[in-house]
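As structure tokens, the structure follows; a few thoughts come after it.
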Amino acid sequence: MERLRDNRIKIVFLGGGNVATHLAKALSQKCDIVNVWSRNIEHSKSLALQLHDCVAVENIEDIVRDADIYIIATTDDSIASVAKRMPSVEGVVVHTSGSVSLSALNECDSKRGTGVFYPLQTFSKNRHLDTLDIPLLIEGDNEQTAEELINLGRLISDKVIVADSDKRRHIHLAAVFANNFTNFMWVMASEYLEDKVGLDFKILEPLLKETLQKAIDMNPRNAQTGPAARGDKQTIEAHLKMLPQEVAETYKFLSEKIIANNK
């Protein structure tokens, strides 16, 4: 997929959210993002303004038909419907979801195949990320498509991995535990600190950094500490009495799991 600068890879983005924003910005350094379409035209315009010579498109039927790659970066539930609504196109059509099968693109009309281009990371528009360190999980409906997507991925990442739909689903589920559920625990901790003692969440920053680094260096199982890991029943009972019922139930459930896991 090597191109001369005056004939660079042409890409169309379908979606204007967090994932689309980060991928489009990263790929625009090496490729030409020619169109952005989103169900919200204001999102399309906002992203297009951040890219060189990119046109925001209000109607999906008006996207450029002869681009090399079409990247559907929408919510998981809308991928299949967006693919079905797309006009017939020349290039490869991919989606960016970890949990959605490649078969979600079966009803799109692409002359060069379909695939998946899944960045294993959490994205927010206002956060800067170096994509070189982000794993990109690739799947293609044939070897040529997979190779094309691997080469595209290598333009922005040093960690390009081939993973079929089944393997990707398991990786995504692990990521939900590691990221989304863990972050919700931080939400609970933040709200508790503010409510009970008026302290900012940042007081936990050194603890959070060491917790993460230990898990990476030692393996999470070996890094586990705390009352449940030590079997401190009196501390656990005291904590349960301090918490509202719905939060206490979560605390008790997790403590029981840790105790069982340490046996």
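Every chain in the structure tokens has a letter given in the order shown (A, B, ...), and although residue numbers restart at 1 in each chain, ligands are simply numbered from 1 in the order shown.
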
Quick one: residues within 10 Å of region 238-243 of chain A, only C-alpha atoms counted, chain neighbours fewer than 5 positions away excluded, as a list in words? Tyr192, Pro227, Lys233, Ala248, Glu249, Thr250, Tyr251 and Lys252 of chain A

With C-alpha atoms retained, export the selected residues as a short mmCIF file (atom, residue, chain, number, x, y, z; two decimals), in the first residue's frame.
data_model
loop_
_atom_site.label_atom_id
_atom_site.label_comp_id
_atom_site.auth_asym_id
_atom_site.auth_seq_id
_atom_site.Cartn_x
_atom_site.Cartn_y
_atom_site.Cartn_z
CA TYR A 192 -17.22 8.48 48.30
CA PRO A 227 -8.23 -6.66 53.41
CA LYS A 233 -12.58 -10.18 58.25
CA ALA A 248 -21.89 -2.54 50.27
CA GLU A 249 -23.24 -5.27 48.00
CA THR A 250 -20.57 -4.49 45.41
CA TYR A 251 -17.87 -4.39 48.10
CA LYS A 252 -19.00 -7.75 49.53
#

With region 81-85 of chain A as the partner and 12 Å as the cut-off, tabulate the residues of region 104-216 of chain A that qualify, each row holding the nearest pair of atoms and their distance in Å to one decimal, using only C-alpha atoms, sorted by chain and rising number, as a tab-separated table.
residue	atom	partner	partner_atom	distance
A:Ala104	CA	A:Ala83	CA	7.8
A:Leu105	CA	A:Ala83	CA	5.8
A:Asn106	CA	A:Ala83	CA	8.1
A:Glu107	CA	A:Lys84	CA	5.2
A:Cys108	CA	A:Ala83	CA	4.8
A:Asp109	CA	A:Lys84	CA	7.9
A:Ser110	CA	A:Ala83	CA	9.7
A:Thr114	CA	A:Ala83	CA	10.3
A:Gly115	CA	A:Ala83	CA	11.9

Residue set, region 65-97 of chain A restricted to alpha helix (DSSP H), as a list in words: Ile79, Ala80, Ser81, Val82, Ala83, Lys84 and Arg85 of chain A

Per residue of region 24-135 of chain A within 8 Å of region 143-155 of chain A, which atom pair is closest and at what distance in Å (one decimal), using only C-alpha atoms, listed by chain and increasing number, as a Markdown table?
| residue | atom | partner | partner_atom | distance |
| --- | --- | --- | --- | --- |
| A:Leu27 | CA | A:Leu155 | CA | 7.4 |
| A:Lys30 | CA | A:Leu155 | CA | 6.9 |
| A:Val92 | CA | A:Thr145 | CA | 7.3 |
| A:Arg112 | CA | A:Thr145 | CA | 7.4 |
| A:Gly113 | CA | A:Thr145 | CA | 6.4 |
| A:Thr114 | CA | A:Thr145 | CA | 7.1 |
| A:Gly115 | CA | A:Thr145 | CA | 7.1 |
| A:Phe117 | CA | A:Leu149 | CA | 7.3 |

Could you write those residues out with N, CA, C and O atoms, as a PDB file, in the first residue's frame?
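Contents of the output file selection.pdb:
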ATOM      1  N   LEU A  27      -4.112   9.056  11.017  1.00  0.00           N
ATOM      2  CA  LEU A  27      -3.951   8.625   9.626  1.00  0.00           C
ATOM      3  C   LEU A  27      -3.735   9.795   8.680  1.00  0.00           C
ATOM      4  O   LEU A  27      -3.112   9.637   7.621  1.00  0.00           O
ATOM      5  N   LYS A  30      -0.302  10.515   7.198  1.00  0.00           N
ATOM      6  CA  LYS A  30       0.266   9.681   6.131  1.00  0.00           C
ATOM      7  C   LYS A  30      -0.696   9.445   4.971  1.00  0.00           C
ATOM      8  O   LYS A  30      -0.295   8.962   3.914  1.00  0.00           O
ATOM      9  N   VAL A  92     -11.967  -0.827   0.307  1.00  0.00           N
ATOM     10  CA  VAL A  92     -12.219  -1.753   1.413  1.00  0.00           C
ATOM     11  C   VAL A  92     -13.036  -1.041   2.491  1.00  0.00           C
ATOM     12  O   VAL A  92     -12.730   0.095   2.865  1.00  0.00           O
ATOM     13  N   ARG A 112     -13.759  -4.307  -3.088  1.00  0.00           N
ATOM     14  CA  ARG A 112     -12.447  -4.802  -2.690  1.00  0.00           C
ATOM     15  C   ARG A 112     -12.431  -5.476  -1.335  1.00  0.00           C
ATOM     16  O   ARG A 112     -11.368  -5.772  -0.799  1.00  0.00           O
ATOM     17  N   GLY A 113     -13.604  -5.755  -0.765  1.00  0.00           N
ATOM     18  CA  GLY A 113     -13.620  -6.532   0.454  1.00  0.00           C
ATOM     19  C   GLY A 113     -13.942  -5.748   1.709  1.00  0.00           C
ATOM     20  O   GLY A 113     -14.149  -4.532   1.697  1.00  0.00           O
ATOM     21  N   THR A 114     -13.959  -6.472   2.833  1.00  0.00           N
ATOM     22  CA  THR A 114     -14.298  -5.890   4.129  1.00  0.00           C
ATOM     23  C   THR A 114     -13.293  -6.338   5.181  1.00  0.00           C
ATOM     24  O   THR A 114     -12.568  -7.318   4.996  1.00  0.00           O
ATOM     25  N   GLY A 115     -13.278  -5.615   6.295  1.00  0.00           N
ATOM     26  CA  GLY A 115     -12.339  -5.968   7.346  1.00  0.00           C
ATOM     27  C   GLY A 115     -12.642  -5.253   8.648  1.00  0.00           C
ATOM     28  O   GLY A 115     -13.653  -4.557   8.785  1.00  0.00           O
ATOM     29  N   PHE A 117     -10.603  -2.921  11.806  1.00  0.00           N
ATOM     30  CA  PHE A 117      -9.437  -2.099  12.132  1.00  0.00           C
ATOM     31  C   PHE A 117      -9.679  -1.585  13.552  1.00  0.00           C
ATOM     32  O   PHE A 117     -10.127  -0.469  13.754  1.00  0.00           O
TER      33      PHE A 117
END

Mind checking which residues fall within 12 Å of Phe253 (chain A), counting only C-alpha atoms, ignoring those fewer than 5 positions away in the same chain, and posting them as JSON, numbers by chain? {"A": [228, 236, 240, 246, 247, 248, 258, 259, 260]}

May I have the residues from that selection written out with all heavy atoms, as a compact mmCIF listing (two decimals), in the first residue's frame?
# COMPACT_ATOMS: atom_id res chain seq x y z
N ALA A 228 -9.29 -8.16 51.78
CA ALA A 228 -9.77 -9.47 51.33
C ALA A 228 -8.61 -10.40 51.03
O ALA A 228 -8.65 -11.60 51.36
CB ALA A 228 -10.65 -9.29 50.09
N ILE A 236 -13.15 -5.94 56.85
CA ILE A 236 -14.21 -6.06 55.83
C ILE A 236 -15.57 -5.76 56.45
O ILE A 236 -16.37 -5.01 55.87
CB ILE A 236 -14.19 -7.47 55.21
CG1 ILE A 236 -12.91 -7.67 54.38
CG2 ILE A 236 -15.43 -7.71 54.35
CD1 ILE A 236 -12.71 -9.09 53.88
N LEU A 240 -18.16 -2.68 55.47
CA LEU A 240 -19.54 -2.93 55.03
C LEU A 240 -20.54 -2.09 55.81
O LEU A 240 -21.54 -1.62 55.24
CB LEU A 240 -19.87 -4.42 55.18
CG LEU A 240 -19.18 -5.36 54.17
CD1 LEU A 240 -19.44 -6.82 54.55
CD2 LEU A 240 -19.65 -5.10 52.76
N GLU A 246 -26.39 -0.50 48.51
CA GLU A 246 -26.06 -0.90 47.14
C GLU A 246 -24.55 -0.93 46.90
O GLU A 246 -24.05 -1.78 46.15
CB GLU A 246 -26.74 0.03 46.12
CG GLU A 246 -26.28 1.48 46.14
CD GLU A 246 -27.00 2.33 47.16
OE1 GLU A 246 -27.69 1.76 48.03
OE2 GLU A 246 -26.87 3.56 47.08
N VAL A 247 -23.82 -0.03 47.56
CA VAL A 247 -22.37 -0.03 47.44
C VAL A 247 -21.77 -1.18 48.25
O VAL A 247 -20.81 -1.82 47.84
CB VAL A 247 -21.77 1.32 47.87
CG1 VAL A 247 -20.25 1.31 47.73
CG2 VAL A 247 -22.38 2.44 47.05
N ALA A 248 -22.35 -1.44 49.42
CA ALA A 248 -21.89 -2.54 50.27
C ALA A 248 -22.01 -3.88 49.55
O ALA A 248 -21.15 -4.76 49.70
CB ALA A 248 -22.68 -2.57 51.58
N ILE A 258 -12.22 -12.08 45.65
CA ILE A 258 -10.78 -12.01 45.94
C ILE A 258 -10.37 -13.11 46.90
O ILE A 258 -9.36 -13.79 46.72
CB ILE A 258 -10.40 -10.62 46.51
CG1 ILE A 258 -10.58 -9.55 45.45
CG2 ILE A 258 -8.95 -10.62 47.02
CD1 ILE A 258 -10.46 -8.12 45.98
N ILE A 259 -11.18 -13.32 47.94
CA ILE A 259 -10.89 -14.37 48.92
C ILE A 259 -10.86 -15.73 48.24
O ILE A 259 -9.95 -16.54 48.46
CB ILE A 259 -11.93 -14.35 50.06
CG1 ILE A 259 -11.75 -13.08 50.91
CG2 ILE A 259 -11.82 -15.60 50.93
CD1 ILE A 259 -12.89 -12.83 51.88
N ALA A 260 -11.86 -15.99 47.40
CA ALA A 260 -11.92 -17.28 46.70
C ALA A 260 -10.75 -17.46 45.74
O ALA A 260 -10.20 -18.55 45.59
CB ALA A 260 -13.24 -17.40 45.94

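With only C-alpha atoms as the atoms that count, the minimum distance from Trp37 (chain A) to the choices A:Gly91, A:Pro220, A:Gly16, A:Gly198 is reached by A:Gly16.
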
Show me, as a PyMOL selection string, the residues that have an atom within 6 Å of Ile138 (chain A) when counting only C-alpha atoms, minus same-chain residues fewer than 4 positions from it. chain A and resi 116-117+161-163

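When only C-alpha atoms are used to measure the gap to Ile60 (chain A), the shortest distance among A:Leu102, A:Ile203, A:Leu14, A:Val19 belongs to A:Leu14.
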
From a DSSP pass on the backbone, collect the residues of region 124-257 of chain A flagged as strand (DSSP E) and hand them back as a VMD selection string. chain A and resid 136 to 140 160 to 162
